[in-house]
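Shown below: query_3.cif, with mmCIF, C-alpha atoms.
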```
data_final
loop_
_atom_site.group_PDB
_atom_site.id
_atom_site.type_symbol
_atom_site.label_atom_id
_atom_site.label_comp_id
_atom_site.auth_asym_id
_atom_site.auth_seq_id
_atom_site.Cartn_x
_atom_site.Cartn_y
_atom_site.Cartn_z
ATOM 1 C CA MET A 5 10.666 -21.792 15.257
ATOM 2 C CA CYS A 6 10.524 -18.149 14.112
ATOM 3 C CA ILE A 7 10.351 -17.141 10.441
ATOM 4 C CA ARG A 8 14.023 -16.100 10.348
ATOM 5 C CA ASP A 9 15.131 -19.489 11.676
ATOM 6 C CA ARG A 10 12.912 -21.315 9.204
ATOM 7 C CA TYR A 11 14.514 -19.566 6.246
ATOM 8 C CA LYS A 12 17.930 -20.138 7.803
ATOM 9 C CA ALA A 13 17.135 -23.838 8.024
ATOM 10 C CA MET A 14 16.481 -23.810 4.271
ATOM 11 C CA GLY A 15 19.955 -22.368 3.650
ATOM 12 C CA ALA A 16 19.237 -18.633 3.507
ATOM 13 C CA GLU A 17 21.888 -16.204 4.713
ATOM 14 C CA LEU A 18 20.344 -13.461 6.853
ATOM 15 C CA VAL A 19 21.582 -9.863 6.953
ATOM 16 C CA GLU A 20 20.264 -6.954 9.011
ATOM 17 C CA CYS A 21 19.098 -3.835 7.181
ATOM 18 C CA SER A 22 17.350 -0.578 7.991
ATOM 19 C CA MET A 23 15.370 2.115 6.195
ATOM 20 C CA PRO A 24 15.438 5.440 8.062
ATOM 21 C CA SER A 25 12.696 6.898 5.850
ATOM 22 C CA LEU A 26 10.209 4.183 6.807
ATOM 23 C CA LYS A 27 8.704 6.389 9.528
ATOM 24 C CA TYR A 28 7.586 8.849 6.844
ATOM 25 C CA ALA A 29 6.264 6.180 4.471
ATOM 26 C CA VAL A 30 2.544 6.344 5.286
ATOM 27 C CA PRO A 31 2.108 10.138 4.887
ATOM 28 C CA CYS A 32 4.321 10.063 1.783
ATOM 29 C CA TYR A 33 2.296 7.290 0.185
ATOM 30 C CA TYR A 34 -1.103 8.802 0.906
ATOM 31 C CA LEU A 35 -0.037 12.221 -0.355
ATOM 32 C CA LEU A 36 1.126 10.698 -3.634
ATOM 33 C CA ALA A 37 -1.705 8.181 -3.978
ATOM 34 C CA CYS A 38 -4.440 10.701 -3.170
ATOM 35 C CA ALA A 39 -2.958 13.302 -5.523
ATOM 36 C CA GLU A 40 -2.855 10.754 -8.333
ATOM 37 C CA ALA A 41 -6.388 9.573 -7.552
ATOM 38 C CA ALA A 42 -7.751 13.129 -7.570
ATOM 39 C CA SER A 43 -6.046 13.850 -10.889
ATOM 40 C CA ASN A 44 -7.023 10.609 -12.629
ATOM 41 C CA LEU A 45 -10.609 10.519 -11.351
ATOM 42 C CA SER A 46 -11.332 14.087 -12.446
ATOM 43 C CA ARG A 47 -12.329 12.690 -15.851
ATOM 44 C CA TYR A 48 -15.276 10.793 -14.314
ATOM 45 C CA ASP A 49 -17.895 13.468 -14.835
ATOM 46 C CA GLY A 50 -20.867 11.344 -15.903
ATOM 47 C CA ILE A 51 -20.539 12.535 -19.502
ATOM 48 C CA LYS A 52 -17.490 10.860 -21.024
ATOM 49 C CA TYR A 53 -16.643 8.450 -18.228
ATOM 50 C CA GLY A 54 -18.210 6.815 -15.204
ATOM 51 C CA HIS A 55 -21.648 6.694 -13.629
ATOM 52 C CA ARG A 56 -24.274 9.130 -14.908
ATOM 53 C CA THR A 57 -27.101 10.270 -12.666
ATOM 54 C CA ALA A 58 -30.656 9.693 -13.846
ATOM 55 C CA THR A 59 -31.912 13.143 -12.833
ATOM 56 C CA ALA A 60 -30.216 16.494 -13.344
ATOM 57 C CA ASP A 61 -31.542 19.909 -14.395
ATOM 58 C CA SER A 62 -28.213 21.491 -15.339
ATOM 59 C CA TYR A 63 -24.686 20.653 -16.465
ATOM 60 C CA GLU A 64 -23.275 21.503 -13.022
ATOM 61 C CA GLU A 65 -25.863 19.391 -11.231
ATOM 62 C CA LEU A 66 -25.189 16.485 -13.609
ATOM 63 C CA ILE A 67 -21.500 16.428 -12.666
ATOM 64 C CA ILE A 68 -22.094 16.925 -8.940
ATOM 65 C CA LYS A 69 -24.771 14.227 -8.659
ATOM 66 C CA SER A 70 -22.926 11.781 -10.922
ATOM 67 C CA ARG A 71 -19.757 12.003 -8.856
ATOM 68 C CA SER A 72 -21.644 11.997 -5.545
ATOM 69 C CA GLU A 73 -23.563 8.862 -6.490
ATOM 70 C CA GLY A 74 -20.737 7.083 -8.301
ATOM 71 C CA PHE A 75 -17.934 7.397 -5.757
ATOM 72 C CA GLY A 76 -17.861 5.732 -2.345
ATOM 73 C CA GLU A 77 -16.837 7.432 0.895
ATOM 74 C CA GLU A 78 -13.190 6.327 0.741
ATOM 75 C CA VAL A 79 -12.805 7.490 -2.867
ATOM 76 C CA LYS A 80 -14.309 10.881 -2.013
ATOM 77 C CA ARG A 81 -11.961 11.176 0.960
ATOM 78 C CA ARG A 82 -8.936 10.525 -1.235
ATOM 79 C CA ILE A 83 -10.075 12.972 -3.897
ATOM 80 C CA LEU A 84 -10.435 15.700 -1.268
ATOM 81 C CA LEU A 85 -7.002 14.972 0.213
ATOM 82 C CA GLY A 86 -5.421 14.834 -3.239
ATOM 83 C CA ASN A 87 -6.926 18.099 -4.424
ATOM 84 C CA TYR A 88 -5.786 19.756 -1.199
ATOM 85 C CA ALA A 89 -2.203 18.538 -1.688
ATOM 86 C CA LEU A 90 -2.160 19.719 -5.307
ATOM 87 C CA SER A 91 -3.772 23.083 -4.663
ATOM 88 C CA SER A 92 -1.939 26.377 -5.057
ATOM 89 C CA GLY A 93 0.056 27.186 -1.945
ATOM 90 C CA TYR A 94 0.277 23.569 -0.769
ATOM 91 C CA TYR A 95 1.898 21.864 -3.779
ATOM 92 C CA ASP A 96 5.445 22.709 -2.693
ATOM 93 C CA ALA A 97 4.740 22.113 0.989
ATOM 94 C CA TYR A 98 3.229 18.636 0.545
ATOM 95 C CA TYR A 99 3.270 17.006 -2.894
ATOM 96 C CA LYS A 100 6.733 18.172 -3.921
ATOM 97 C CA LYS A 101 8.241 17.002 -0.619
ATOM 98 C CA ALA A 102 6.524 13.638 -1.000
ATOM 99 C CA LEU A 103 8.117 13.249 -4.442
ATOM 100 C CA ALA A 104 11.539 14.005 -2.958
ATOM 101 C CA LEU A 105 10.966 11.434 -0.207
ATOM 102 C CA LYS A 106 9.975 8.896 -2.856
ATOM 103 C CA GLN A 107 13.436 9.206 -4.398
ATOM 104 C CA GLN A 108 15.041 8.786 -0.969
ATOM 105 C CA ILE A 109 13.036 5.595 -0.324
ATOM 106 C CA ILE A 110 14.104 4.202 -3.708
ATOM 107 C CA LYS A 111 17.730 5.020 -2.831
ATOM 108 C CA GLU A 112 17.437 3.205 0.511
ATOM 109 C CA TYR A 113 15.930 0.133 -1.142
ATOM 110 C CA ASN A 114 18.768 0.068 -3.677
ATOM 111 C CA ALA A 115 21.263 0.119 -0.793
ATOM 112 C CA VAL A 116 19.506 -2.855 0.831
ATOM 113 C CA PHE A 117 19.507 -4.812 -2.423
ATOM 114 C CA ASP A 118 23.267 -4.346 -2.636
ATOM 115 C CA LEU A 119 23.385 -6.659 0.403
ATOM 116 C CA ALA A 120 20.416 -8.984 -0.089
ATOM 117 C CA ASP A 121 18.380 -10.657 -2.817
ATOM 118 C CA VAL A 122 15.016 -10.254 -1.060
ATOM 119 C CA ILE A 123 13.598 -8.452 1.966
ATOM 120 C CA LEU A 124 11.420 -10.249 4.507
ATOM 121 C CA THR A 125 8.897 -8.113 6.430
ATOM 122 C CA PRO A 126 5.543 -8.434 8.170
ATOM 123 C CA THR A 127 2.616 -7.685 5.860
ATOM 124 C CA ALA A 128 0.965 -5.635 8.617
ATOM 125 C CA PRO A 129 1.915 -4.609 12.165
ATOM 126 C CA THR A 130 -0.944 -6.744 13.547
ATOM 127 C CA PRO A 131 -2.672 -10.019 12.609
ATOM 128 C CA ALA A 132 -5.600 -9.785 10.203
ATOM 129 C CA TYR A 133 -8.637 -7.896 11.494
ATOM 130 C CA LYS A 134 -11.963 -9.587 11.882
ATOM 131 C CA ILE A 135 -14.315 -8.643 9.042
ATOM 132 C CA GLY A 136 -15.762 -5.175 9.613
ATOM 133 C CA ALA A 137 -13.647 -4.488 12.699
ATOM 134 C CA GLN A 138 -11.993 -1.303 11.366
ATOM 135 C CA ASP A 139 -14.596 0.012 8.918
ATOM 136 C CA ASN A 140 -15.197 3.193 10.955
ATOM 137 C CA ASP A 141 -11.566 4.089 11.582
ATOM 138 C CA PRO A 142 -9.865 5.032 8.280
ATOM 139 C CA VAL A 143 -6.814 6.550 9.995
ATOM 140 C CA LYS A 144 -6.057 3.273 11.763
ATOM 141 C CA MET A 145 -6.425 1.447 8.462
ATOM 142 C CA TYR A 146 -3.996 3.885 6.789
ATOM 143 C CA LEU A 147 -1.406 3.382 9.549
ATOM 144 C CA ALA A 148 -1.698 -0.404 9.148
ATOM 145 C CA ASP A 149 -0.171 -0.012 5.668
ATOM 146 C CA ILE A 150 3.247 0.988 7.006
ATOM 147 C CA CYS A 151 4.846 -2.348 6.059
ATOM 148 C CA THR A 152 3.621 -2.348 2.451
ATOM 149 C CA VAL A 153 3.348 1.225 1.140
ATOM 150 C CA THR A 154 7.084 1.637 0.497
ATOM 151 C CA VAL A 155 6.861 -1.220 -2.011
ATOM 152 C CA ASN A 156 4.311 0.785 -3.988
ATOM 153 C CA ILE A 157 6.307 4.006 -3.650
ATOM 154 C CA ALA A 158 9.464 2.347 -4.998
ATOM 155 C CA SER A 159 7.629 0.302 -7.680
ATOM 156 C CA LEU A 160 8.951 -3.014 -6.375
ATOM 157 C CA PRO A 161 7.389 -6.486 -6.599
ATOM 158 C CA GLY A 162 6.174 -8.059 -3.374
ATOM 159 C CA ILE A 163 4.189 -11.099 -2.354
ATOM 160 C CA SER A 164 2.333 -11.793 0.877
ATOM 161 C CA THR A 165 1.735 -15.237 2.307
ATOM 162 C CA THR A 166 0.422 -16.591 5.596
ATOM 163 C CA CYS A 167 3.190 -17.558 8.013
ATOM 164 C CA GLY A 168 1.050 -18.508 11.004
ATOM 165 C CA TYR A 169 -2.186 -18.015 12.921
ATOM 166 C CA THR A 170 -3.169 -16.442 16.225
ATOM 167 C CA ALA A 171 -4.926 -18.402 18.949
ATOM 168 C CA GLU A 172 -8.198 -16.974 17.591
ATOM 169 C CA GLY A 173 -7.460 -18.332 14.132
ATOM 170 C CA LEU A 174 -6.602 -15.000 12.507
ATOM 171 C CA PRO A 175 -3.831 -15.232 9.874
ATOM 172 C CA VAL A 176 -0.466 -13.512 10.275
ATOM 173 C CA GLY A 177 0.988 -12.178 7.019
ATOM 174 C CA MET A 178 4.581 -12.268 5.801
ATOM 175 C CA SER A 179 5.825 -10.292 2.786
ATOM 176 C CA VAL A 180 8.775 -11.019 0.518
ATOM 177 C CA ILE A 181 10.018 -7.986 -1.451
ATOM 178 C CA GLY A 182 12.357 -8.173 -4.422
ATOM 179 C CA ARG A 183 14.197 -6.036 -6.940
ATOM 180 C CA ARG A 184 12.325 -4.458 -9.836
ATOM 181 C CA PHE A 185 11.230 -7.044 -12.407
ATOM 182 C CA ASP A 186 12.546 -9.904 -10.261
ATOM 183 C CA GLU A 187 9.197 -11.532 -9.536
ATOM 184 C CA GLN A 188 10.700 -14.968 -10.098
ATOM 185 C CA THR A 189 12.892 -14.742 -6.998
ATOM 186 C CA ILE A 190 10.137 -13.643 -4.612
ATOM 187 C CA LEU A 191 7.780 -16.311 -5.960
ATOM 188 C CA GLN A 192 10.438 -18.944 -5.363
ATOM 189 C CA CYS A 193 11.080 -17.698 -1.817
ATOM 190 C CA ALA A 194 7.394 -17.659 -0.906
ATOM 191 C CA ASP A 195 6.795 -21.061 -2.506
ATOM 192 C CA ALA A 196 9.776 -22.612 -0.705
ATOM 193 C CA PHE A 197 8.394 -21.399 2.626
ATOM 194 C CA GLU A 198 4.892 -22.672 1.904
ATOM 195 C CA GLN A 199 6.136 -26.064 0.726
ATOM 196 C CA THR A 200 8.399 -26.531 3.745
ATOM 197 C CA PHE A 201 6.528 -24.825 6.593
ATOM 198 C CA ALA A 202 2.908 -24.557 5.448
ATOM 199 C CA PRO A 203 1.010 -23.238 8.502
ATOM 200 C CA THR A 204 -2.431 -24.600 9.303
ATOM 201 C CA ALA A 205 -5.310 -22.729 10.875
ATOM 202 C CA PRO A 206 -6.706 -23.825 14.242
ATOM 203 C CA ALA A 207 -9.393 -26.483 13.979
ATOM 204 C CA LYS A 208 -12.159 -24.093 15.133
ATOM 205 C CA LEU A 209 -11.905 -22.195 11.824
#
```
Could you render the structure as structure tokens?
Amino acid sequence: MCIRDRYKAMGAELVECSMPSLKYAVPCYYLLACAEAASNLSRYDGIKYGHRTATADSYEELIIKSRSEGFGEEVKRRILLGNYALSSGYYDAYYKKALALKQQIIKEYNAVFDLADVILTPTAPTPAYKIGAQDNDPVKMYLADICTVTVNIASLPGISTTCGYTAEGLPVGMSVIGRRFDEQTILQCADAFEQTFAPTAPAKL
């Protein structure tokens, strides 16, 4: 029995919905998130905040070495992308357009919630990866966020729970998204599913 039919069996009324802006969600999210990360992490200079290097001969070297040692590769990547998006000449072309798209995504969610109490989506377009499987492919990892980033963009509550397993024993995620400040409803929906149709992993796990 598919997930839709399981909720239907519990008495849920299903309605179809669409979000045309979903195809732009990943670039929109990473523009906004990286810009915010670059701005907020600029304070970590090794003097007032964050890691401080043990060896430095000048003020400039202190900041460079502290940030180089204190931030991991993914954080550095996001700082670079964020500073690029916020730089003169690119602010209007990238960051400002991402802010406009954010408002459009919020508008589309509001239209969906005029028809439904919660939204049911996959957590990711694929089952869970094996540990370490995608460590060297950040772009693929970014694209895997397509089902969840709009929740962050629109500041909505969401919960993910396991709804099944692959033949290899890898979990398949299901997300329930609700209106702002309506955590109670999504918790009830996820709990009802788990209590009624709790999936079990294959014995080999």
Once you count all atoms listed in the file, what closest atom pair and distance in Å to one decimal does each residue of range 139-185 of chain A within 12 Å of range 9-23 of chain A have, with rows by chain and rising residue number, as JSON lines?
```
{"residue": "A:Cys151", "atom": "CA", "partner": "A:Met23", "partner_atom": "CA", "distance": 11.4}
{"residue": "A:Thr154", "atom": "CA", "partner": "A:Met23", "partner_atom": "CA", "distance": 10.1}
{"residue": "A:Cys167", "atom": "CA", "partner": "A:Arg10", "partner_atom": "CA", "distance": 10.5}
{"residue": "A:Val180", "atom": "CA", "partner": "A:Tyr11", "partner_atom": "CA", "distance": 11.8}
```
Checklist entry - Taking only C-alpha atoms into account, which of A:Ser91, A:Lys69, A:Gly76, A:Ile7 comes nearest Gly177 in chain A? => result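 When distances to Gly177 in chain A are compared using only C-alpha atoms, the smallest one comes from A:Ile7.
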Checklist entry - Quick one: of A:Ala115, A:Ile67, A:Leu103, A:Leu90, who's nearest to Tyr33 in chain A, counting all atoms listed in the file? => result A:Leu103
Checklist entry - So which residues get picked by the PyMOL selection byres ((chain A and resi 134) around 12) here, written as JSON, numbers by chain? => result {"A": [130, 131, 132, 133, 135, 136, 137, 138, 139, 170, 172, 173, 174, 175]}
Checklist entry - If you apply the PyMOL selection byres ((chain A and resi 152) around 9) to this file, what residues do you get, as number ranges by chain? => result A: 125-128, 148-151, 153-156, 162, 179
Next on the checklist: To one decimal place in Å, what is the distance between CA of Gly86 in chain A and CA of Ala102 in chain A?
Outcome noted: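 Between CA of Gly86 in chain A and CA of Ala102 in chain A the gap is 12.2 Å.
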Item to check | Target residues per the PyMOL selection byres ((chain A and resi 185-187) around 10), formatted as a ChimeraX atom specification | outcome: /A:121-122,159-163,181-184,188-192
Checklist entry - Could you state the separation of CA of Arg8 in chain A and CA of Cys193 in chain A in Å, given to one decimal place? => result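 A separation of 12.6 Å between them.
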Next on the checklist: Report, in Å to a single decimal, how far apart CA of Arg56 in chain A and CA of Leu84 in chain A are.
Outcome noted: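 Atom-to-atom, CA of Leu84 in chain A to CA of Arg56 in chain A, that is 20.5 Å.
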Item to check | Residue with smallest distance to Glu40 in chain A - pool A:Tyr53, A:Tyr169, A:Phe75, A:Tyr88, counting all atoms listed in the file | outcome: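 Between A:Tyr53, A:Tyr169, A:Phe75, A:Tyr88, the residue approaching Glu40 in chain A most closely is A:Tyr88.
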Using the structure just given, write a file holding N, CA, C and O atoms for range 48-72 of chain A, as a CSV table (one decimal), in the first residue's frame.
```
chain,number,residue,atom,x,y,z
A,48,TYR,N,33.7,36.1,12.8
A,48,TYR,CA,34.7,35.1,13.3
A,48,TYR,C,36.0,35.4,12.8
A,48,TYR,O,36.5,34.8,11.8
A,49,ASP,N,36.7,36.3,13.5
A,49,ASP,CA,38.1,36.7,13.0
A,49,ASP,C,39.2,36.2,13.9
A,49,ASP,O,40.4,36.5,13.7
A,50,GLY,N,38.9,35.4,14.9
A,50,GLY,CA,39.9,34.9,15.8
A,50,GLY,C,40.3,35.9,16.9
A,50,GLY,O,41.2,35.6,17.7
A,51,ILE,N,39.6,37.0,17.0
A,51,ILE,CA,39.9,38.1,18.0
A,51,ILE,C,38.7,38.1,18.9
A,51,ILE,O,38.8,37.9,20.1
A,52,LYS,N,37.5,38.5,18.4
A,52,LYS,CA,36.3,38.5,19.3
A,52,LYS,C,35.6,37.2,19.3
A,52,LYS,O,35.0,36.8,20.3
A,53,TYR,N,35.6,36.5,18.2
A,53,TYR,CA,34.8,35.3,18.1
A,53,TYR,C,35.6,34.2,17.4
A,53,TYR,O,36.4,34.5,16.5
A,54,GLY,N,35.3,32.9,17.7
A,54,GLY,CA,35.8,31.8,17.0
A,54,GLY,C,37.2,31.4,17.3
A,54,GLY,O,37.8,31.9,18.2
A,55,HIS,N,37.7,30.4,16.5
A,55,HIS,CA,39.0,29.8,16.7
A,55,HIS,C,40.1,30.9,16.5
A,55,HIS,O,40.0,31.7,15.6
A,56,ARG,N,41.1,30.8,17.3
A,56,ARG,CA,42.3,31.7,17.2
A,56,ARG,C,43.5,30.9,16.9
A,56,ARG,O,43.9,30.0,17.7
A,57,THR,N,44.2,31.2,15.8
A,57,THR,CA,45.4,30.5,15.5
A,57,THR,C,46.5,30.7,16.6
A,57,THR,O,46.6,31.7,17.3
A,58,ALA,N,47.4,29.7,16.7
A,58,ALA,CA,48.4,29.7,17.7
A,58,ALA,C,49.6,30.6,17.3
A,58,ALA,O,50.4,31.0,18.1
A,59,THR,N,49.8,30.7,16.0
A,59,THR,CA,51.0,31.4,15.4
A,59,THR,C,50.6,32.4,14.4
A,59,THR,O,49.9,32.0,13.4
A,60,ALA,N,50.9,33.7,14.6
A,60,ALA,CA,50.7,34.7,13.6
A,60,ALA,C,51.6,35.9,13.9
A,60,ALA,O,51.8,36.3,15.0
A,61,ASP,N,52.2,36.4,12.8
A,61,ASP,CA,53.1,37.5,13.0
A,61,ASP,C,52.5,38.9,12.7
A,61,ASP,O,53.2,39.9,12.9
A,62,SER,N,51.3,38.9,12.2
A,62,SER,CA,50.6,40.2,12.0
A,62,SER,C,49.1,40.1,12.1
A,62,SER,O,48.6,38.9,12.2
A,63,TYR,N,48.4,41.2,12.2
A,63,TYR,CA,47.0,41.2,12.4
A,63,TYR,C,46.3,40.5,11.2
A,63,TYR,O,45.4,39.7,11.3
A,64,GLU,N,46.8,40.8,10.0
A,64,GLU,CA,46.2,40.2,8.8
A,64,GLU,C,46.4,38.7,8.8
A,64,GLU,O,45.5,37.9,8.4
A,65,GLU,N,47.6,38.2,9.1
A,65,GLU,CA,47.9,36.8,9.2
A,65,GLU,C,47.1,36.1,10.2
A,65,GLU,O,46.6,35.0,10.1
A,66,LEU,N,46.8,36.8,11.4
A,66,LEU,CA,46.0,36.2,12.4
A,66,LEU,C,44.6,35.9,11.9
A,66,LEU,O,44.1,34.8,12.2
A,67,ILE,N,44.0,36.8,11.2
A,67,ILE,CA,42.6,36.6,10.7
A,67,ILE,C,42.6,35.5,9.6
A,67,ILE,O,41.8,34.6,9.7
A,68,ILE,N,43.6,35.6,8.7
A,68,ILE,CA,43.6,34.6,7.6
A,68,ILE,C,43.8,33.2,8.2
A,68,ILE,O,43.1,32.3,7.8
A,69,LYS,N,44.8,33.0,9.0
A,69,LYS,CA,45.1,31.7,9.6
A,69,LYS,C,43.9,31.2,10.5
A,69,LYS,O,43.6,30.0,10.5
A,70,SER,N,43.4,32.1,11.3
A,70,SER,CA,42.3,31.7,12.2
A,70,SER,C,41.1,31.2,11.4
A,70,SER,O,40.5,30.1,11.7
A,71,ARG,N,40.7,31.9,10.3
A,71,ARG,CA,39.6,31.5,9.5
A,71,ARG,C,39.9,30.3,8.7
A,71,ARG,O,39.0,29.4,8.5
A,72,SER,N,41.1,30.2,8.2
A,72,SER,CA,41.5,29.0,7.4
A,72,SER,C,41.5,27.7,8.3
A,72,SER,O,41.1,26.7,7.8
```
